[in-house]
Amino acid sequence: MNLNNLLFKLLLLTLLYLALVLGSCSNVKHLPQGKSLYTATSIHIDPTAQITDKYTVKKDLYALSRPKPNKKMMGVLRFKLSVYTQTKNKKKGFGKWLNEKIGEPPVLLDTALLERTKRNMQQYMFNHGYFNNAVSFTTEEKNRRSQVTYNVTAISPYKVKNIYYPSDTIDTINSLVRNMQPQALIKPGHEFNVDKLQAEINRIAYELHCKGYYDLISKDLFFELDSTQGTRTIDVYLKVKPPATGGKHKSYTINNVYVFPDYEVGKPPAAYTDTLQVNNFHYIASNKNRFNPNTITGVLLLKKGDLYSQKNWEYSLNHLLGLGVFKFVNVKFEKADTSANNPMLDCRILLTPARRMGISGEVELNNRAQQSVLGAATSSLLGTAATLSYKNKNLLGGAEAFSFTLFTGLELNPQNRKSAITDNALINTLNLSGELQLAVPKFIVPFKLQNQSRYFLPKTNIRLSASYLRRINFYTLNSFNINFGYDWNENSRKRHLFNPVSASLLSLRNKEAAFEEQLAQNSFLRRSFEEQIIAGSNYTYIYNTQNISQAVNFIYFKAGFDLAGNTLYAADRLLKVSGAINKDKQVKILGSSYAQYARAEFDIRHYNLLSRGNSLVSRFNVAVGVPYGNSAVLPYVKQYFVGGPNSVRAFRIRSIGPGSFGAYAVPDTIVIDEFDRTGDIKIEANLEWRFPIVSMLKGALFTDLGNIWTLRSETSGTDPDTGEPIVTRPGGRFGFGTFWSQIAIGTGAGIRLDFSYFVMRFDLGVPIHNPSLSNSEQWPVKNMFEKKWLRSNTNLNLAIGYPF
């Protein structure tokens, strides 16, 4: 290690630290006389306090504290405050913009706010059963900076002894409320908690709204409390207020449902001239109606003669928006007859159509390093691509979403190098592809489905695609794909995707001499690229506990299964349709061999929301593919790889693995590593801390690890000297005793531009452990203080969206 270089870096870090500290001093110079900067809040709970969950209480009390200190960037520098202080006198230009958009005024110590916070904390403790509590605060000021400590003490909380629900069986609503008691959120023995009592009232009110009680509101339900029946216990009585107009609460029935599929604000009633009676719905449209009435009415859960239900209203609204053809959806209720014992509601559904068709285009630029089999970068490739898409949200009038996409990509080699083996032209890769997609908002099946959920809108997806890939000096790969399947939600957390038909035809053409040489050396690679049919089915299950309306921790789990070749195998056995058998003993159908394999992949993520804008996200991913029957290896497009912006970010895509495999003993001018860096097994793990910086600018620190492996040792011929099989990718086979030492590890930092509707991400990864290098070089981080180390050992990833 270069000592002078190390001292220079330490000096640079010291100067940077001093600059930050000295810069923060200026934040208090211009404060008003007699005022101090509020810098910290701490909560101290008396060790003798009889509080059940001190951690939760402390966290909740801190959330109640006011004011909040100025925000720190990465927990160190009050960057926004510094910007405000340095630009507060700017009257125009960029300085004024910084002051108003980025800067943050100093937060001053305010005794009145501290007193209010103390009262709020006392109320919080009381609401959580700590009727005998005490809260006080002390302030500490130094160098015009103030810190506040709140001291909290309490004795054991009151608990719920008994819960009494209405016993009157004459009034229907009392009977309904009593029947809801088994699902109650509060039980005898629970600590008294006002928030839980309110949640129970909201739950019961919602259930009553789903049983026709349109007029009832949460305030019509209340609890009476009695604390005289025991020691530190409370009896709870649920009561139902009568209507303000007197009498009893009544349930409403849906009378008429009017659907306006092309509603426009300000359009006169005379414009809606086309009235149809469709499935007991009044379908009222103008002459230009563009929708199939059965499609619109088929997703509605609000039907004539049914009791009013808030749940049915919510899901009808979601279904209409989910069709994707309406810009605005408004569902209104009007009382039709309130004098009868069974009052009625008329429902008007006002739908404003969205634009039906649209054309969009995208252009992208990218850069990647091309590497030789020895891992040395030989050239930098410049890529450009363009995408043109046509979308029709209502192709046949039934909200069928159709899209047609054309893609063209070009990868250039600006250095235009030539060698004795390859003639590297300016164009390295040419990619052309087209895709047709159709999504129909229902199940398309040859039989009637039973027990289908009314609350979630299914989709039938059909996709056709074709692509042409030309690798100059290597090969041409043509592919044709067809998919037919279903996408539906079991409930708000569980989603299923099932493609009973998933077929591809891969055709390799125009193999050049350099690529033929690689295939000759590696039988595994040759079998991976053979022309073949991939026909099978796949299924994906997703479980997601995220609640959009609440900022709480959640998990995401995804399991995918892919089977191919079994139907063709069965057809061959029964019908004897197979043809010739190739040299790898693969059966051919229609002149092409067919792939037979099973794949499974599992992905689990945990999102820990630390505070507003701060989260710690962890992910674990494992996948395995097993070829069998008519296949000795997985098709190349079905093999796994690691590296890149959504994987181990310290390494480029397909730059590591399998296992500790390093390089072939062939000339380093043959660029083949991207073909070799695939496997049958994948293991990945990621940990990322996400935090806010300024406005839409977010930051992240991450650590990634993972690799790929093969299931079997791969050989190609025998060594003429020893007679032993030649292992084509030594170190690539998975072993329970060795895989842990072959894990690639990387760390790094990222910056994200969060525009709400999309996120642009820049992640800079640094390798810690690279199993593809020799033993003495597998830990490149140990040389981090050497000159130019960062330049040659970092990987910049540019991507759209979060990695997971």
# chains A, B, ... in the order shown; residues from 1 in each chain; ligands from 1
call {"tool": "residues_around", "arguments": {"residues": "A:Pro157", "least_positions_apart": "3", "cutoff": "8 Å", "atoms": "only C-alpha atoms", "output": "MDAnalysis selection string"}}
result
chainID A and resid 50:51 128:131 191:192 232
call {"tool": "residues_around", "arguments": {"residues": "A:Val257", "least_positions_apart": "2", "cutoff": "8 Å", "atoms": "only C-alpha atoms", "output": "list in words"}}
result
Ile254, Asn255, Val259, Asn280, Phe281, His282, Leu302, Lys303, Lys304, Asp346, Cys347, Arg348 and Ile349 of chain A
call {"tool": "residues_around", "arguments": {"residues": "stretch 97-110 of chain A", "least_positions_apart": "6", "cutoff": "12 Å", "atoms": "only C-alpha atoms", "output": "ChimeraX atom specification"}}
result
/A:24,26-41,65-72,78-91,116-117,139-141,144-148,693-697
call {"tool": "write_last_selection", "arguments": {"atoms": "N, CA and C atoms", "output": "compact mmCIF listing (two decimals), in the first residue's frame"}}
result
# COMPACT_ATOMS: atom_id res chain seq x y z
N SER A 24 -21.25 24.49 9.31
CA SER A 24 -22.44 24.45 10.14
C SER A 24 -22.43 25.54 11.19
N SER A 26 -21.89 28.64 10.79
CA SER A 26 -22.51 29.85 10.28
C SER A 26 -24.03 29.81 10.39
N ASN A 27 -24.59 28.65 10.70
CA ASN A 27 -26.03 28.53 10.79
C ASN A 27 -26.62 29.28 11.97
N VAL A 28 -25.83 29.57 13.02
CA VAL A 28 -26.37 30.24 14.20
C VAL A 28 -25.93 31.71 14.28
N LYS A 29 -25.06 32.15 13.36
CA LYS A 29 -24.56 33.52 13.42
C LYS A 29 -25.66 34.56 13.22
N HIS A 30 -26.63 34.22 12.34
CA HIS A 30 -27.61 35.22 11.94
C HIS A 30 -28.97 34.98 12.60
N LEU A 31 -29.00 34.23 13.70
CA LEU A 31 -30.26 34.03 14.41
C LEU A 31 -30.66 35.31 15.12
N PRO A 32 -31.98 35.53 15.34
CA PRO A 32 -32.42 36.71 16.10
C PRO A 32 -31.82 36.71 17.51
N GLN A 33 -31.61 37.88 18.04
CA GLN A 33 -31.01 38.02 19.37
C GLN A 33 -31.87 37.30 20.42
N GLY A 34 -31.22 36.53 21.25
CA GLY A 34 -31.92 35.82 22.33
C GLY A 34 -32.55 34.51 21.90
N LYS A 35 -32.40 34.13 20.64
CA LYS A 35 -32.97 32.88 20.15
C LYS A 35 -31.87 31.84 19.96
N SER A 36 -32.27 30.59 20.03
CA SER A 36 -31.32 29.49 19.83
C SER A 36 -31.90 28.49 18.84
N LEU A 37 -30.99 27.79 18.16
CA LEU A 37 -31.38 26.80 17.16
C LEU A 37 -31.81 25.51 17.87
N TYR A 38 -32.99 25.02 17.52
CA TYR A 38 -33.49 23.77 18.11
C TYR A 38 -32.87 22.60 17.36
N THR A 39 -32.07 21.78 18.04
CA THR A 39 -31.26 20.77 17.35
C THR A 39 -31.63 19.33 17.64
N ALA A 40 -32.27 19.06 18.79
CA ALA A 40 -32.51 17.64 19.11
C ALA A 40 -33.64 17.50 20.12
N THR A 41 -34.35 16.37 20.00
CA THR A 41 -35.38 15.97 20.96
C THR A 41 -35.06 14.57 21.45
N SER A 65 -43.63 15.05 19.21
CA SER A 65 -42.85 16.22 19.63
C SER A 65 -42.85 17.31 18.57
N ARG A 66 -42.93 18.53 19.02
CA ARG A 66 -42.87 19.71 18.17
C ARG A 66 -42.05 20.77 18.90
N PRO A 67 -41.22 21.53 18.17
CA PRO A 67 -40.99 21.46 16.72
C PRO A 67 -40.02 20.34 16.38
N LYS A 68 -39.85 20.11 15.10
CA LYS A 68 -38.86 19.15 14.61
C LYS A 68 -37.60 19.89 14.20
N PRO A 69 -36.42 19.41 14.60
CA PRO A 69 -35.17 20.07 14.20
C PRO A 69 -35.01 20.10 12.69
N ASN A 70 -34.17 21.02 12.21
CA ASN A 70 -33.85 21.04 10.78
C ASN A 70 -33.27 19.70 10.36
N LYS A 71 -33.64 19.29 9.16
CA LYS A 71 -33.23 17.97 8.67
C LYS A 71 -31.74 17.92 8.41
N LYS A 72 -31.17 16.73 8.64
CA LYS A 72 -29.76 16.48 8.35
C LYS A 72 -29.63 15.61 7.12
N ARG A 78 -26.69 19.73 8.31
CA ARG A 78 -28.00 20.33 8.04
C ARG A 78 -27.88 21.13 6.74
N PHE A 79 -27.91 20.39 5.65
CA PHE A 79 -27.63 20.96 4.34
C PHE A 79 -28.67 22.01 3.94
N LYS A 80 -29.94 21.71 4.14
CA LYS A 80 -31.00 22.65 3.75
C LYS A 80 -30.90 23.95 4.54
N LEU A 81 -30.57 23.83 5.83
CA LEU A 81 -30.42 25.02 6.65
C LEU A 81 -29.23 25.85 6.18
N SER A 82 -28.12 25.18 5.82
CA SER A 82 -26.95 25.89 5.32
C SER A 82 -27.26 26.63 4.03
N VAL A 83 -28.02 25.98 3.15
CA VAL A 83 -28.40 26.63 1.89
C VAL A 83 -29.24 27.87 2.18
N TYR A 84 -30.18 27.74 3.10
CA TYR A 84 -31.05 28.88 3.44
C TYR A 84 -30.22 30.03 4.02
N THR A 85 -29.29 29.71 4.92
CA THR A 85 -28.49 30.75 5.57
C THR A 85 -27.63 31.49 4.56
N GLN A 86 -27.05 30.76 3.60
CA GLN A 86 -26.14 31.38 2.65
C GLN A 86 -26.88 32.16 1.55
N THR A 87 -28.17 31.90 1.37
CA THR A 87 -28.88 32.53 0.24
C THR A 87 -30.07 33.38 0.69
N LYS A 88 -30.22 33.60 1.99
CA LYS A 88 -31.44 34.27 2.46
C LYS A 88 -31.53 35.72 2.00
N ASN A 89 -30.41 36.33 1.63
CA ASN A 89 -30.43 37.73 1.18
C ASN A 89 -30.50 37.86 -0.34
N LYS A 90 -30.59 36.72 -1.03
CA LYS A 90 -30.67 36.76 -2.49
C LYS A 90 -32.08 37.16 -2.91
N LYS A 91 -32.19 38.15 -3.76
CA LYS A 91 -33.49 38.67 -4.17
C LYS A 91 -33.94 38.14 -5.53
N ARG A 116 -47.18 22.70 24.61
CA ARG A 116 -48.23 22.01 23.88
C ARG A 116 -47.85 20.54 23.65
N THR A 117 -46.58 20.31 23.33
CA THR A 117 -46.12 18.93 23.14
C THR A 117 -46.27 18.14 24.43
N THR A 139 -34.57 21.77 29.16
CA THR A 139 -33.84 22.27 27.98
C THR A 139 -32.38 22.48 28.34
N GLU A 140 -31.54 22.25 27.37
CA GLU A 140 -30.09 22.46 27.54
C GLU A 140 -29.59 23.28 26.36
N GLU A 141 -28.97 24.43 26.65
CA GLU A 141 -28.51 25.32 25.59
C GLU A 141 -27.00 25.46 25.68
N ARG A 144 -25.69 28.61 21.51
CA ARG A 144 -26.92 29.01 20.81
C ARG A 144 -27.60 27.83 20.11
N ARG A 145 -27.39 26.63 20.66
CA ARG A 145 -28.08 25.43 20.18
C ARG A 145 -28.77 24.78 21.38
N SER A 146 -30.03 24.41 21.19
CA SER A 146 -30.83 23.89 22.29
C SER A 146 -31.28 22.47 22.02
N GLN A 147 -31.26 21.68 23.09
CA GLN A 147 -31.79 20.33 23.05
C GLN A 147 -32.85 20.20 24.15
N VAL A 148 -33.86 19.40 23.89
CA VAL A 148 -34.95 19.22 24.84
C VAL A 148 -35.08 17.75 25.19
N ILE A 693 -32.42 13.20 0.50
CA ILE A 693 -31.33 14.17 0.53
C ILE A 693 -31.93 15.58 0.45
N VAL A 694 -32.39 15.94 -0.71
CA VAL A 694 -33.02 17.24 -0.91
C VAL A 694 -34.15 17.09 -1.91
N SER A 695 -35.35 17.50 -1.53
CA SER A 695 -36.49 17.51 -2.44
C SER A 695 -36.62 16.15 -3.13
N MET A 696 -36.61 16.13 -4.48
CA MET A 696 -36.77 14.88 -5.21
C MET A 696 -35.48 14.05 -5.27
N LEU A 697 -34.40 14.58 -4.74
CA LEU A 697 -33.12 13.87 -4.76
C LEU A 697 -33.04 12.93 -3.57
call {"tool": "select_by_dssp", "arguments": {"residues": "stretch 141-365 of chain A", "states": "helix (DSSP H, G or I)", "output": "PyMOL selection string"}}
result
chain A and resi 172-179+181-183+194-209+218-220+269-271+293-298+310-322
call {"tool": "atom_distance", "arguments": {"atom1": "atom CA of A:Pro500", "atom2": "atom CA of A:Tyr486"}}
result
8.5 Å
call {"tool": "closest_residue", "arguments": {"among": "A:Ala600, A:Val501, A:Ala749, A:Val766", "to": "A:Ile482", "atoms": "only C-alpha atoms"}}
result
A:Val501
call {"tool": "atom_distance", "arguments": {"atom1": "atom CA of A:Asp168", "atom2": "atom CA of A:Asp337"}}
result
27.6 Å
call {"tool": "select_by_dssp", "arguments": {"residues": "stretch 65-271 of chain A", "states": "strand (DSSP E)", "output": "PyMOL selection string"}}
result
chain A and resi 133-142+145-154+159-164+221-226+233-240+253-260
call {"tool": "atom_distance", "arguments": {"atom1": "atom CA of A:Phe515", "atom2": "atom CA of A:Ser502"}}
result
29.3 Å
call {"tool": "residues_around", "arguments": {"residues": "stretch 409-413 of chain A", "least_positions_apart": "6", "cutoff": "6 Å", "atoms": "only C-alpha atoms", "output": "PyMOL selection string"}}
result
chain A and resi 381-385+426-431
call {"tool": "residues_around", "arguments": {"residues": "A:Thr149", "least_positions_apart": "3", "cutoff": "7 Å", "atoms": "only C-alpha atoms", "output": "list in words"}}
result
Thr41, Ser42, Ile43, His44, Phe137, Thr138 and Thr139 of chain A
call {"tool": "write_last_selection", "arguments": {"atoms": "N, CA and C atoms", "output": "PDB file, in the first residue's frame"}}
result
ATOM      1  N   THR A  41     -34.347  16.371  20.002  1.00  0.00           N
ATOM      2  CA  THR A  41     -35.384  15.969  20.959  1.00  0.00           C
ATOM      3  C   THR A  41     -35.058  14.570  21.455  1.00  0.00           C
ATOM      4  N   SER A  42     -35.124  14.366  22.748  1.00  0.00           N
ATOM      5  CA  SER A  42     -34.924  13.027  23.307  1.00  0.00           C
ATOM      6  C   SER A  42     -36.048  12.724  24.287  1.00  0.00           C
ATOM      7  N   ILE A  43     -36.408  11.457  24.356  1.00  0.00           N
ATOM      8  CA  ILE A  43     -37.463  10.984  25.248  1.00  0.00           C
ATOM      9  C   ILE A  43     -36.828  10.088  26.305  1.00  0.00           C
ATOM     10  N   HIS A  44     -37.008  10.452  27.564  1.00  0.00           N
ATOM     11  CA  HIS A  44     -36.465   9.645  28.662  1.00  0.00           C
ATOM     12  C   HIS A  44     -37.624   9.074  29.479  1.00  0.00           C
ATOM     13  N   PHE A 137     -40.365  18.459  30.954  1.00  0.00           N
ATOM     14  CA  PHE A 137     -39.265  18.600  30.000  1.00  0.00           C
ATOM     15  C   PHE A 137     -38.203  19.536  30.561  1.00  0.00           C
ATOM     16  N   THR A 138     -36.978  19.329  30.095  1.00  0.00           N
ATOM     17  CA  THR A 138     -35.841  20.178  30.452  1.00  0.00           C
ATOM     18  C   THR A 138     -35.140  20.590  29.164  1.00  0.00           C
ATOM     19  N   THR A 139     -34.568  21.774  29.157  1.00  0.00           N
ATOM     20  CA  THR A 139     -33.843  22.269  27.985  1.00  0.00           C
ATOM     21  C   THR A 139     -32.378  22.475  28.344  1.00  0.00           C
TER      22      THR A 139
END
call {"tool": "residues_around", "arguments": {"residues": "A:Leu395", "least_positions_apart": "2", "cutoff": "10 Å", "atoms": "only C-alpha atoms", "output": "list in words"}}
result
Arg290, Phe291, Arg356, Met357, Lys391, Asn392, Lys393, Gly397, Gly398, Ala399, Glu400, Ala401, Phe402, Ser403, Leu438, Ala439 and Val440 of chain A
call {"tool": "write_last_selection", "arguments": {"atoms": "C-alpha atoms", "output": "short mmCIF file (atom, residue, chain, number, x, y, z; two decimals), in the first residue's frame"}}
result
data_model
loop_
_atom_site.label_atom_id
_atom_site.label_comp_id
_atom_site.auth_asym_id
_atom_site.auth_seq_id
_atom_site.Cartn_x
_atom_site.Cartn_y
_atom_site.Cartn_z
CA ARG A 290 -68.03 3.34 -28.22
CA PHE A 291 -68.38 0.69 -25.49
CA ARG A 356 -58.70 5.75 -26.93
CA MET A 357 -55.50 5.55 -28.97
CA LYS A 391 -51.79 1.50 -28.01
CA ASN A 392 -55.54 1.14 -28.30
CA LYS A 393 -57.34 0.92 -24.94
CA GLY A 397 -65.47 -1.98 -27.67
CA GLY A 398 -65.05 -4.30 -24.69
CA ALA A 399 -62.08 -2.49 -23.07
CA GLU A 400 -59.61 -4.80 -24.82
CA ALA A 401 -56.17 -3.21 -24.45
CA PHE A 402 -54.14 -3.72 -27.63
CA SER A 403 -50.55 -2.66 -28.21
CA LEU A 438 -53.97 -8.04 -26.28
CA ALA A 439 -55.43 -7.91 -22.73
CA VAL A 440 -59.12 -8.77 -22.34
#
